[in-house]
$ cat input00.txt   # compact mmCIF, C-alpha atoms
# COMPACT_ATOMS: atom_id res chain seq x y z
CA MET P 1 17.38 33.85 -11.23
CA PRO P 2 16.38 37.16 -9.63
CA CYS P 3 14.00 37.26 -6.71
CA LEU P 4 11.92 40.32 -5.93
CA LEU P 5 11.63 41.28 -2.28
CA MET P 6 7.99 42.24 -1.89
CA GLY P 7 8.28 43.91 1.50
CA PRO P 8 10.72 45.18 4.10
CA ALA P 9 10.55 42.04 6.22
CA THR P 10 10.58 39.26 3.62
CA PHE P 11 13.08 36.41 3.74
CA LEU P 12 14.87 35.41 0.57
CA GLU P 13 16.65 32.10 0.69
CA ASN P 14 19.51 30.75 -1.38
CA ILE P 15 18.22 27.48 -2.73
CA GLY P 16 20.14 24.48 -4.01
CA GLY P 17 20.71 24.80 -7.73
CA GLY P 18 21.59 28.47 -7.35
CA ARG P 19 18.01 29.70 -7.48
CA LEU P 20 16.94 32.60 -5.29
CA LEU P 21 13.31 32.45 -4.30
CA CYS P 22 11.04 34.26 -1.89
CA GLY P 23 9.51 32.50 1.08
CA VAL P 24 9.45 28.70 1.27
CA PRO P 25 12.55 26.85 0.01
CA GLN P 26 12.00 24.61 -3.00
CA ASP P 27 14.93 22.37 -2.06
CA GLU P 28 15.30 21.32 1.54
CA SER P 29 19.07 20.98 1.14
CA LEU P 30 19.38 24.76 1.38
CA LYS P 31 22.21 26.33 3.32
CA LEU P 32 21.15 29.64 4.83
CA LEU P 33 23.33 32.73 4.88
CA LYS P 34 22.66 35.58 7.26
CA GLU P 35 24.42 38.92 7.06
CA LYS P 36 23.70 42.29 8.63
CA VAL P 37 23.93 45.09 6.10
CA SER P 38 23.61 48.86 6.21
CA VAL P 39 23.30 51.46 3.42
CA SER P 40 24.47 55.03 3.76
CA GLY P 41 24.78 58.23 1.76
CA THR P 42 22.59 59.00 -1.24
CA GLY P 43 19.84 61.39 -2.15
CA ASP P 44 18.01 58.98 -4.46
CA THR P 45 15.10 58.50 -2.08
CA SER P 46 13.65 60.21 0.93
CA ARG P 47 12.83 57.05 2.87
CA SER P 48 15.13 55.94 5.66
CA GLY P 49 15.45 53.28 8.30
CA VAL P 50 13.84 50.63 6.09
CA THR P 51 14.64 47.03 6.94
CA GLY P 52 14.96 44.47 4.17
CA GLN P 53 16.27 40.96 3.68
CA PHE P 54 18.20 39.42 0.79
CA ALA P 55 19.58 36.00 -0.07
CA GLY P 56 19.02 34.87 3.48
CA ALA P 57 20.64 38.12 4.65
CA ALA P 58 19.25 40.40 7.29
CA ALA P 59 19.71 43.82 5.75
CA GLU P 60 19.37 47.03 7.70
CA LEU P 61 19.18 49.82 5.15
CA TRP P 62 19.85 53.29 6.49
CA GLY P 63 20.25 56.73 4.92
CA ALA P 64 19.43 55.76 1.35
CA GLY P 65 16.26 54.03 2.41
CA GLY P 66 14.80 51.45 0.04
CA THR P 67 14.85 47.69 0.24
CA VAL P 68 17.03 45.02 -1.27
CA SER P 69 14.87 43.75 -4.08
CA SER P 70 16.70 40.94 -5.82
CA CYS P 71 19.86 38.94 -6.00
CA ARG P 72 21.44 36.41 -8.32
CA SER P 73 23.77 33.49 -7.81
CA PRO P 74 25.52 31.54 -10.56
CA CYS P 75 26.01 28.54 -8.29
CA SER P 76 25.10 25.38 -10.22
CA SER P 77 24.98 23.00 -7.27
CA THR P 78 23.80 23.12 -3.68
CA PRO P 79 25.55 25.78 -1.60
CA ALA P 80 27.37 23.10 0.40
CA HIS P 81 29.35 22.35 -2.76
CA CYS P 82 29.78 25.95 -3.97
CA SER P 83 33.02 27.86 -3.98
CA LEU P 84 33.12 30.76 -1.55
CA SER P 85 34.44 32.88 -4.41
CA LEU P 86 31.43 32.42 -6.68
CA PRO P 87 29.75 35.81 -7.14
CA PHE P 88 26.16 36.81 -6.57
CA GLN P 89 24.44 40.12 -7.22
CA VAL P 90 22.45 42.20 -4.75
CA GLN P 91 19.98 44.80 -6.02
CA CYS P 92 18.63 47.58 -3.80
CA ALA P 93 15.28 49.19 -4.65
CA ASP P 94 12.88 51.75 -3.28
CA HIS P 95 9.93 49.67 -2.15
CA ASP P 96 6.44 50.64 -3.30
CA SER P 97 3.30 49.01 -1.94
CA ASP P 98 1.85 48.64 -5.45
CA GLY P 99 4.82 46.56 -6.56
CA SER P 100 6.38 49.19 -8.83
CA HIS P 101 9.71 49.19 -7.00
CA ASP P 102 12.34 51.64 -8.22
CA LEU P 103 15.89 50.37 -8.60
CA ILE P 104 18.43 52.29 -6.52
CA GLY P 105 21.44 50.27 -7.53
CA ALA P 106 23.26 46.96 -7.30
CA PHE P 107 26.58 45.43 -6.36
CA GLU P 108 28.27 42.10 -6.81
CA THR P 109 30.06 40.18 -4.08
CA ASN P 110 30.86 36.68 -2.83
CA LEU P 111 31.12 34.92 0.51
CA THR P 112 34.86 35.36 0.75
CA GLN P 113 34.44 39.12 0.67
CA LEU P 114 31.47 39.13 3.05
CA GLN P 115 33.31 37.05 5.64
CA LYS P 116 35.92 39.80 6.00
CA ALA P 117 33.32 41.91 7.79
CA GLY P 118 33.19 41.94 11.57
CA ASP P 119 34.84 43.20 14.74
CA GLY P 120 33.91 46.77 13.92
CA SER P 121 35.46 46.63 10.45
CA PRO P 122 32.69 46.74 7.84
CA VAL P 123 33.17 45.79 4.20
CA GLU P 124 31.91 48.44 1.78
CA PHE P 125 30.40 48.18 -1.70
CA GLU P 126 29.31 50.89 -4.08
CA CYS P 127 25.63 50.61 -5.02
CA ILE P 128 25.63 51.25 -8.80
CA HIS P 129 22.61 52.01 -10.99
CA PRO P 130 23.64 50.74 -14.47
CA GLU P 131 21.52 53.19 -16.51
CA LYS P 132 22.63 56.23 -14.51
CA LYS P 133 26.23 55.15 -14.88
CA GLN P 134 25.86 55.07 -18.66
CA LYS P 135 23.99 58.38 -18.96
CA LYS P 136 25.93 60.56 -16.50
CA LYS P 137 29.67 60.94 -16.72
CA SER P 138 29.73 62.53 -13.27
CA TYR P 139 27.81 59.63 -11.70
CA LYS P 140 29.73 57.81 -8.98
CA ASN P 141 27.23 55.67 -7.13
CA SER P 142 23.80 55.65 -5.50
CA GLY P 143 25.15 55.02 -2.05
CA ILE P 144 27.58 52.87 -0.12
CA ILE P 145 26.51 49.52 1.34
CA ARG P 146 28.42 48.58 4.46
CA ILE P 147 28.49 44.93 5.51
CA LYS P 148 28.76 44.94 9.29
CA SER P 149 28.99 41.20 9.86
CA CYS P 150 28.58 37.90 8.06
CA LYS P 151 27.55 34.61 9.58
CA ILE P 152 27.14 31.36 7.66
CA GLU P 153 24.74 28.87 9.15
CA THR P 154 23.74 25.43 7.93
CA GLU P 155 20.04 24.67 7.66
CA TYR P 156 19.71 20.90 7.55
CA SER P 157 17.23 19.05 5.37
CA PHE P 158 14.94 16.12 6.12
CA LEU P 159 17.37 13.78 4.37
CA ASP P 160 20.28 15.24 6.33
CA TYR P 161 18.56 14.14 9.54
CA ILE P 162 17.52 10.72 8.21
CA MET P 163 20.93 9.98 6.68
CA GLY P 164 22.48 11.34 9.86
CA GLY P 165 20.89 8.65 11.99
CA CYS P 166 17.38 9.86 12.89
CA GLN P 167 14.97 6.96 13.34
CA ILE P 168 11.32 7.31 12.33
CA ASN P 169 9.02 5.53 14.79
CA PHE P 170 5.66 4.73 13.18
CA THR P 171 2.57 3.94 15.29
CA VAL P 172 -0.94 3.13 14.05
CA GLY P 173 -4.21 3.78 15.87
CA VAL P 174 -7.40 2.22 14.48
CA ASP P 175 -10.94 3.37 15.29
CA PHE P 176 -13.10 0.42 16.40
CA THR P 177 -16.12 2.40 17.56
CA GLY P 178 -19.70 1.36 16.85
CA SER P 179 -20.29 4.17 14.35
CA ASN P 180 -18.18 2.18 11.86
CA GLY P 181 -20.94 -0.41 11.62
CA ASP P 182 -20.98 -4.18 12.14
CA PRO P 183 -17.83 -5.60 10.45
CA ARG P 184 -19.92 -8.53 9.15
CA SER P 185 -22.12 -6.15 7.16
CA PRO P 186 -21.01 -4.92 3.71
CA ASP P 187 -22.11 -1.43 4.83
CA SER P 188 -19.49 -1.36 7.59
CA LEU P 189 -16.26 0.56 7.16
CA HIS P 190 -14.54 -2.45 8.75
CA TYR P 191 -16.11 -4.95 6.35
CA ILE P 192 -13.37 -6.76 4.48
CA SER P 193 -14.41 -7.20 0.87
CA PRO P 194 -13.97 -10.49 -1.05
CA ASP P 195 -10.69 -9.14 -2.44
CA GLY P 196 -9.43 -8.71 1.14
CA ILE P 197 -9.43 -4.92 1.57
CA ASN P 198 -11.34 -2.02 3.13
CA GLU P 199 -10.58 1.67 3.60
CA TYR P 200 -8.74 1.06 6.87
CA LEU P 201 -6.39 -1.47 5.26
CA ILE P 202 -5.76 0.72 2.22
CA ALA P 203 -4.82 3.64 4.51
CA ILE P 204 -2.47 1.44 6.54
CA TRP P 205 -0.76 0.16 3.40
CA SER P 206 -0.57 3.54 1.68
CA VAL P 207 1.07 5.36 4.56
CA GLY P 208 2.96 2.50 6.13
CA SER P 209 4.60 1.30 2.94
CA VAL P 210 6.36 4.68 2.64
CA VAL P 211 7.19 5.23 6.31
CA GLN P 212 8.63 1.74 6.83
CA ASP P 213 11.56 2.57 4.57
CA TYR P 214 12.77 5.09 7.16
CA ASP P 215 12.67 2.59 10.05
CA THR P 216 15.49 0.09 10.31
CA ASP P 217 13.90 -2.56 12.55
CA LYS P 218 10.48 -2.47 10.82
CA LEU P 219 8.73 -3.04 14.17
CA PHE P 220 5.59 -0.92 14.49
CA PRO P 221 3.30 -0.60 17.53
CA ALA P 222 -0.34 -0.84 16.49
CA PHE P 223 -3.34 -0.04 18.69
CA GLY P 224 -7.09 0.06 18.54
CA PHE P 225 -9.49 2.29 20.43
CA GLY P 226 -13.20 2.45 21.20
CA ALA P 227 -13.96 -1.29 21.41
CA GLN P 228 -14.88 -3.78 24.11
CA VAL P 229 -12.05 -6.26 24.39
CA PRO P 230 -11.90 -9.72 25.96
CA PRO P 231 -11.84 -11.17 28.50
CA SER P 232 -13.47 -8.45 30.65
CA TRP P 233 -15.21 -6.76 27.69
CA GLN P 234 -14.36 -3.34 29.08
CA VAL P 235 -14.04 -0.47 26.63
CA SER P 236 -10.40 0.31 25.86
CA HIS P 237 -8.92 3.32 24.09
CA GLU P 238 -5.42 1.97 23.53
CA PHE P 239 -5.38 -1.82 23.22
CA ALA P 240 -2.66 -3.61 21.29
CA LEU P 241 -3.88 -5.10 18.00
CA ASN P 242 -1.86 -8.22 18.76
CA PHE P 243 -3.42 -8.44 22.26
CA ASN P 244 0.08 -8.19 23.78
CA PRO P 245 0.20 -4.92 25.77
CA SER P 246 3.79 -5.51 26.88
CA ASN P 247 4.94 -5.97 23.28
CA PRO P 248 2.50 -4.26 20.87
CA TYR P 249 5.00 -4.30 17.99
CA CYS P 250 4.05 -5.80 14.64
CA GLN P 251 6.65 -6.99 12.14
CA GLY P 252 6.37 -4.66 9.19
CA ILE P 253 3.21 -3.28 7.62
CA GLN P 254 2.08 -6.81 6.79
CA GLY P 255 2.26 -7.58 10.50
CA ILE P 256 -0.14 -4.68 11.24
CA VAL P 257 -2.51 -5.89 8.52
CA ASP P 258 -2.44 -9.45 9.86
CA ALA P 259 -3.07 -8.29 13.45
CA TYR P 260 -5.98 -6.12 12.29
CA ARG P 261 -7.61 -9.01 10.44
CA GLN P 262 -7.17 -11.38 13.38
CA ILE P 263 -8.53 -9.04 16.03
CA LEU P 264 -11.59 -7.86 14.11
CA PRO P 265 -13.83 -10.87 14.90
CA GLN P 266 -12.60 -11.00 18.53
CA ILE P 267 -13.74 -7.55 19.70
CA ARG P 268 -17.03 -5.66 19.95
CA LEU P 269 -17.20 -2.26 18.33
CA TYR P 270 -18.46 0.20 20.89
CA GLY P 271 -17.42 3.76 21.87
CA PRO P 272 -16.87 6.57 22.62
CA THR P 273 -14.30 7.84 20.09
CA ASN P 274 -11.42 9.16 22.18
CA PHE P 275 -8.18 10.23 20.47
CA SER P 276 -6.34 11.68 23.45
CA PRO P 277 -5.29 8.37 25.10
CA ILE P 278 -3.37 7.12 22.06
CA ILE P 279 -1.89 10.56 21.34
CA ASN P 280 -0.68 10.78 24.93
CA HIS P 281 0.65 7.22 24.69
CA VAL P 282 2.94 8.07 21.76
CA ALA P 283 3.79 11.47 23.31
CA ARG P 284 5.24 9.75 26.37
CA PHE P 285 7.78 7.96 24.17
CA ALA P 286 8.51 11.17 22.25
CA ALA P 287 9.05 13.06 25.52
CA HIS P 288 11.51 10.43 26.71
CA SER P 289 13.40 10.70 23.43
CA ALA P 290 13.46 14.51 23.61
CA GLN P 291 15.23 14.33 26.97
CA GLN P 292 18.28 12.92 25.17
CA GLY P 293 18.75 16.27 23.46
CA THR P 294 19.66 14.74 20.08
CA ALA P 295 17.95 14.37 16.70
CA SER P 296 17.88 10.60 17.01
CA GLN P 297 14.16 9.75 17.23
CA TYR P 298 11.04 11.16 15.58
CA PHE P 299 7.53 9.76 16.06
CA ILE P 300 4.67 9.57 13.56
CA LEU P 301 1.19 8.56 14.73
CA LEU P 302 -1.32 7.51 12.09
CA ILE P 303 -4.93 7.62 13.31
CA ILE P 304 -7.56 6.11 11.02
CA THR P 305 -11.10 7.06 12.02
CA ASP P 306 -14.65 7.56 10.83
CA GLY P 307 -14.44 11.05 12.31
CA GLU P 308 -17.01 11.17 15.10
CA ILE P 309 -14.65 12.28 17.89
CA THR P 310 -15.94 12.48 21.46
CA ASP P 311 -13.06 13.95 23.50
CA LEU P 312 -12.32 17.01 21.35
CA ASP P 313 -11.18 19.23 24.23
CA GLN P 314 -8.84 16.59 25.66
CA THR P 315 -7.50 15.89 22.16
CA ARG P 316 -6.79 19.59 21.61
CA GLN P 317 -4.74 19.65 24.81
CA ALA P 318 -2.93 16.44 23.86
CA ILE P 319 -1.98 17.89 20.46
CA VAL P 320 -0.79 21.18 21.98
CA ASN P 321 1.39 19.21 24.40
CA ALA P 322 2.70 16.97 21.61
CA SER P 323 3.58 19.99 19.46
CA LYS P 324 6.55 20.57 21.78
CA LEU P 325 7.86 17.06 21.09
CA PRO P 326 9.50 15.25 18.13
CA MET P 327 6.16 14.02 16.87
CA SER P 328 3.70 14.33 13.97
CA ILE P 329 0.08 13.16 13.79
CA ILE P 330 -1.61 12.01 10.59
CA ILE P 331 -5.39 11.55 10.61
CA VAL P 332 -7.06 9.70 7.74
CA GLY P 333 -10.84 9.99 7.76
CA VAL P 334 -12.73 7.04 6.26
CA GLY P 335 -16.39 6.97 5.30
CA GLU P 336 -18.75 9.81 4.46
CA ALA P 337 -19.00 11.50 7.88
CA ASP P 338 -18.69 15.22 8.56
CA PHE P 339 -15.01 15.77 9.30
CA LYS P 340 -15.22 19.36 10.56
CA ALA P 341 -13.67 18.34 13.88
CA MET P 342 -10.73 16.72 12.08
CA GLU P 343 -10.23 19.82 9.92
CA PHE P 344 -10.29 21.91 13.10
CA LEU P 345 -7.54 19.76 14.63
CA ASP P 346 -5.47 20.10 11.44
CA GLY P 347 -5.03 23.80 12.21
CA ASP P 348 -4.59 24.89 8.59
CA ASN P 349 -7.08 27.72 9.14
CA GLY P 350 -5.29 29.06 12.19
CA VAL P 351 -3.12 27.98 15.10
CA LEU P 352 -4.75 25.20 17.12
CA LYS P 353 -5.28 26.15 20.75
CA SER P 354 -6.12 24.17 23.84
CA LEU P 355 -9.31 24.82 25.78
CA THR P 356 -7.33 27.16 28.04
CA GLY P 357 -6.04 29.15 25.05
CA GLU P 358 -2.51 27.74 24.89
CA PRO P 359 -1.39 27.69 21.23
CA ALA P 360 0.36 24.76 19.59
CA ALA P 361 4.10 25.34 19.32
CA ARG P 362 4.09 23.81 15.81
CA ASP P 363 1.55 22.56 13.30
CA ILE P 364 1.92 18.78 13.71
CA VAL P 365 -1.45 17.48 12.46
CA GLN P 366 -2.25 16.55 8.87
CA PHE P 367 -5.83 15.47 8.10
CA VAL P 368 -6.81 13.80 4.84
CA PRO P 369 -10.31 12.48 3.97
CA PHE P 370 -9.96 9.10 2.28
CA ARG P 371 -12.99 9.68 0.05
CA GLN P 372 -10.98 12.14 -2.03
CA PHE P 373 -8.65 9.30 -3.04
CA LYS P 374 -11.07 6.41 -3.58
CA ASN P 375 -10.41 6.31 -7.30
CA ALA P 376 -6.83 7.56 -7.20
CA PRO P 377 -3.66 5.48 -7.19
CA ARG P 378 -2.52 4.40 -3.75
CA GLU P 379 0.60 6.52 -4.14
CA ALA P 380 -1.57 9.66 -4.35
CA LEU P 381 -2.89 9.14 -0.81
CA SER P 382 0.55 8.49 0.67
CA HIS P 383 1.97 11.54 -1.10
CA VAL P 384 -0.64 13.92 0.34
CA VAL P 385 -0.72 12.30 3.78
CA LEU P 386 3.05 12.46 4.23
CA ALA P 387 3.62 15.81 2.48
CA GLU P 388 4.03 17.82 5.69
CA VAL P 389 6.08 15.36 7.74
CA PRO P 390 9.56 16.33 6.44
CA LYS P 391 8.86 20.01 7.11
CA GLN P 392 7.50 19.19 10.57
CA LEU P 393 10.55 17.10 11.46
CA VAL P 394 12.99 19.76 10.28
CA SER P 395 11.07 22.55 12.01
CA TYR P 396 11.20 20.71 15.34
CA TYR P 397 14.95 20.08 15.27
CA LYS P 398 15.64 23.59 14.01
CA TRP P 399 13.50 24.96 16.84
CA GLN P 400 15.54 22.92 19.32
CA GLY P 401 18.83 23.80 17.62
CA TRP P 402 19.77 20.14 17.17
CA PRO P 403 21.90 19.15 14.17
CA PRO P 404 21.79 15.62 12.73
CA VAL P 405 23.48 13.01 14.91
CA LYS P 406 26.02 12.66 12.10
CA PRO P 407 25.98 15.97 10.20
CA PRO P 408 26.83 15.86 6.48
CA GLU P 409 30.28 16.88 5.49
CA ILE P 410 30.44 20.34 3.92
CA GLN P 411 32.60 20.19 0.85
CA LYS P 412 34.36 23.38 -0.15
CA MET P 413 35.83 23.85 -3.60

$ encode --input "input00.txt" --output "structure tokens"
Amino acid sequence: MPCLLMGPATFLENIGGGRLLCGVPQDESLKLLKEKVSVSGTGDTSRSGVTGQFAGAAAELWGAGGTVSSCRSPCSSTPAHCSLSLPFQVQCADHDSDGSHDLIGAFETNLTQLQKAGDGSPVEFECIHPEKKQKKKSYKNSGIIRIKSCKIETEYSFLDYIMGGCQINFTVGVDFTGSNGDPRSPDSLHYISPDGINEYLIAIWSVGSVVQDYDTDKLFPAFGFGAQVPPSWQVSHEFALNFNPSNPYCQGIQGIVDAYRQILPQIRLYGPTNFSPIINHVARFAAHSAQQGTASQYFILLIITDGEITDLDQTRQAIVNASKLPMSIIIVGVGEADFKAMEFLDGDNGVLKSLTGEPAARDIVQFVPFRQFKNAPREALSHVVLAEVPKQLVSYYKWQGWPPVKPPEIQKM
């Protein structure tokens, strides 16, 4: 399947199933190829020094100008299982800003041939324009493409890391501030209906039921924030739902639900709504794990809130700090409040920055308003909420250069 390179600096990636697509990979089991390429010798175009990229290749096109515009691969399985001798086609085109790119020529090669390049000995291919070849008997080629070097790198997928031994550590933070309303009142977001549910419980079940399958011990720390807790009745922003600060772990998602139901009548909803303490709490564990220098632990914090955050500046700093760690934050907004602050923290409209202007190293926050899923199946909420986590996990370990603890075996035919 050909892929058109829309600009001189676009990445094309060789996707599992042999498809070649621009931009984001459709299959996270992709194996990325990177080659440096140069073109020389033709009068087809007047442009020169144009840089292009093809099939995961970094292509430096000189002399002939133009950009590599498309490539094909007949591989019918993921690249890890492809023969190095299977051919793919590279097409070179003169790039036009309006999209009407003019074909310069094409050549066919395979990885075995490309790997011969290096140590000052380039591999050369004639760039052939099929129509010109048919029409002109004197036609030889539209230039020579010289492969300077070829490097094959593995880009691991989310499942590669999970199957390779990465543990997902799931933590829940529940908003018990006064703006939720008296739990005894049917108008409260914490009111448990006669059928035993509320929006907080649905969110816990929806997200937790998926995440728990990636955690072997099924022990999940669960905290509340913004309430007065016994016996001193001081406001706490990270109290264990099971009232056991030295062991805040709940057995499975049902354990979190049970702890939530038991603690609700024992606390007083109060305020303010501070996110930063619980974010920093999980970040400390993530930082300790990161010091090991292996892809063995990744942390997911689920915050369920009615959205009226008080410590926005401190939370921004906490998220920026956490973006450098193996950690993702999911925020589910319950109720009908204005969630502009949550959308700001999500960072989808630009890179989140701290109060001092420090940008987040990665986008680690996903915000979802529960009201959009009130009448949808529970699976719909979990799908949207967890959609970005695999990409965030992979991006962190790729950024660090850490392979799976037990990398998958690469099978060569």

$ atom_distance --input "input00.txt" --atom1 "atom CA of P:Pro403" --atom2 "atom CA of P:Lys151"
17.1 Å

$ closest_residue --input "input00.txt" --among "P:Leu381, P:Leu393, P:Val320, P:Leu312" --to "P:Gly357" --atoms "all atoms listed in the file"
P:Val320

$ closest_atom_pairs --input "input00.txt" --of "stretch 154-260 of chain P" --to "stretch 292-299 of chain P" --cutoff "10 Å" --atoms "all atoms listed in the file" --output "Markdown table"
| residue | atom | partner | partner_atom | distance |
| --- | --- | --- | --- | --- |
| P:Tyr161 | CA | P:Ala295 | CA | 7.2 |
| P:Ile162 | CA | P:Ser296 | CA | 8.8 |
| P:Gly164 | CA | P:Ser296 | CA | 8.5 |
| P:Gly165 | CA | P:Ser296 | CA | 6.2 |
| P:Cys166 | CA | P:Ser296 | CA | 4.2 |
| P:Gln167 | CA | P:Gln297 | CA | 4.9 |
| P:Ile168 | CA | P:Tyr298 | CA | 5.0 |
| P:Asn169 | CA | P:Phe299 | CA | 4.7 |
| P:Phe170 | CA | P:Phe299 | CA | 6.1 |
| P:Thr171 | CA | P:Phe299 | CA | 7.7 |

$ residues_around --input "input00.txt" --residues "stretch 121-132 of chain P" --least-positions-apart "4" --cutoff "8 Å" --atoms "only C-alpha atoms" --output "ChimeraX atom specification"
/P:92,103-107,113-114,116-117,136,139-149

$ write_last_selection --input "input00.txt" --atoms "C-alpha atoms" --output "mmCIF file, in the coordinates of the input"
data_model
loop_
_atom_site.group_PDB
_atom_site.id
_atom_site.type_symbol
_atom_site.label_atom_id
_atom_site.label_comp_id
_atom_site.auth_asym_id
_atom_site.auth_seq_id
_atom_site.Cartn_x
_atom_site.Cartn_y
_atom_site.Cartn_z
ATOM 1 C CA CYS P 92 18.630 47.580 -3.800
ATOM 2 C CA LEU P 103 15.890 50.370 -8.600
ATOM 3 C CA ILE P 104 18.430 52.290 -6.520
ATOM 4 C CA GLY P 105 21.440 50.270 -7.530
ATOM 5 C CA ALA P 106 23.260 46.960 -7.300
ATOM 6 C CA PHE P 107 26.580 45.430 -6.360
ATOM 7 C CA GLN P 113 34.440 39.120 0.670
ATOM 8 C CA LEU P 114 31.470 39.130 3.050
ATOM 9 C CA LYS P 116 35.920 39.800 6.000
ATOM 10 C CA ALA P 117 33.320 41.910 7.790
ATOM 11 C CA LYS P 136 25.930 60.560 -16.500
ATOM 12 C CA TYR P 139 27.810 59.630 -11.700
ATOM 13 C CA LYS P 140 29.730 57.810 -8.980
ATOM 14 C CA ASN P 141 27.230 55.670 -7.130
ATOM 15 C CA SER P 142 23.800 55.650 -5.500
ATOM 16 C CA GLY P 143 25.150 55.020 -2.050
ATOM 17 C CA ILE P 144 27.580 52.870 -0.120
ATOM 18 C CA ILE P 145 26.510 49.520 1.340
ATOM 19 C CA ARG P 146 28.420 48.580 4.460
ATOM 20 C CA ILE P 147 28.490 44.930 5.510
ATOM 21 C CA LYS P 148 28.760 44.940 9.290
ATOM 22 C CA SER P 149 28.990 41.200 9.860
#

$ residues_around --input "input00.txt" --residues "stretch 207-215 of chain P" --least-positions-apart "3" --cutoff "10 Å" --atoms "only C-alpha atoms" --output "PyMOL selection string"
chain P and resi 162-163+166-172+202-204+218-220+252-254+256+300+302+330+332+378-379+381-386

$ atom_distance --input "input00.txt" --atom1 "atom CA of P:Val394" --atom2 "atom CA of P:Phe158"
5.9 Å

$ closest_residue --input "input00.txt" --among "P:Asp187, P:Asp311, P:Glu358, P:Glu238" --to "P:His281" --atoms "only C-alpha atoms"
P:Glu238

$ closest_residue --input "input00.txt" --among "P:Gly255, P:Gly271, P:Gly307, P:Pro87" --to "P:Thr177" --atoms "only C-alpha atoms"
P:Gly271

$ atom_distance --input "input00.txt" --atom1 "atom CA of P:Tyr260" --atom2 "atom CA of P:Glu388"
26.8 Å

$ residues_around --input "input00.txt" --residues "P:Arg184" --least-positions-apart "5" --cutoff "12 Å" --atoms "all atoms listed in the file" --output "list in words"
Leu189, His190, Tyr191, Ile192, Ser193, Pro194, Leu264, Pro265, Arg268 and Leu269 of chain P

$ write_last_selection --input "input00.txt" --atoms "C-alpha atoms" --output "PDB file, in the frame of the given file"
ATOM      1  CA  LEU P 189     -16.260   0.560   7.160  1.00  0.00           C
ATOM      2  CA  HIS P 190     -14.540  -2.450   8.750  1.00  0.00           C
ATOM      3  CA  TYR P 191     -16.110  -4.950   6.350  1.00  0.00           C
ATOM      4  CA  ILE P 192     -13.370  -6.760   4.480  1.00  0.00           C
ATOM      5  CA  SER P 193     -14.410  -7.200   0.870  1.00  0.00           C
ATOM      6  CA  PRO P 194     -13.970 -10.490  -1.050  1.00  0.00           C
ATOM      7  CA  LEU P 264     -11.590  -7.860  14.110  1.00  0.00           C
ATOM      8  CA  PRO P 265     -13.830 -10.870  14.900  1.00  0.00           C
ATOM      9  CA  ARG P 268     -17.030  -5.660  19.950  1.00  0.00           C
ATOM     10  CA  LEU P 269     -17.200  -2.260  18.330  1.00  0.00           C
TER      11      LEU P 269
END

$ residues_around --input "input00.txt" --residues "P:Tyr270" --least-positions-apart "2" --cutoff "9 Å" --atoms "all atoms listed in the file" --output "MDAnalysis selection string"
chainID P and resid 176:179 226:228 235 268 272:273

$ closest_residue --input "input00.txt" --among "P:Ile197, P:Leu345, P:Ser328, P:Pro231" --to "P:Asp313" --atoms "all atoms listed in the file"
P:Leu345
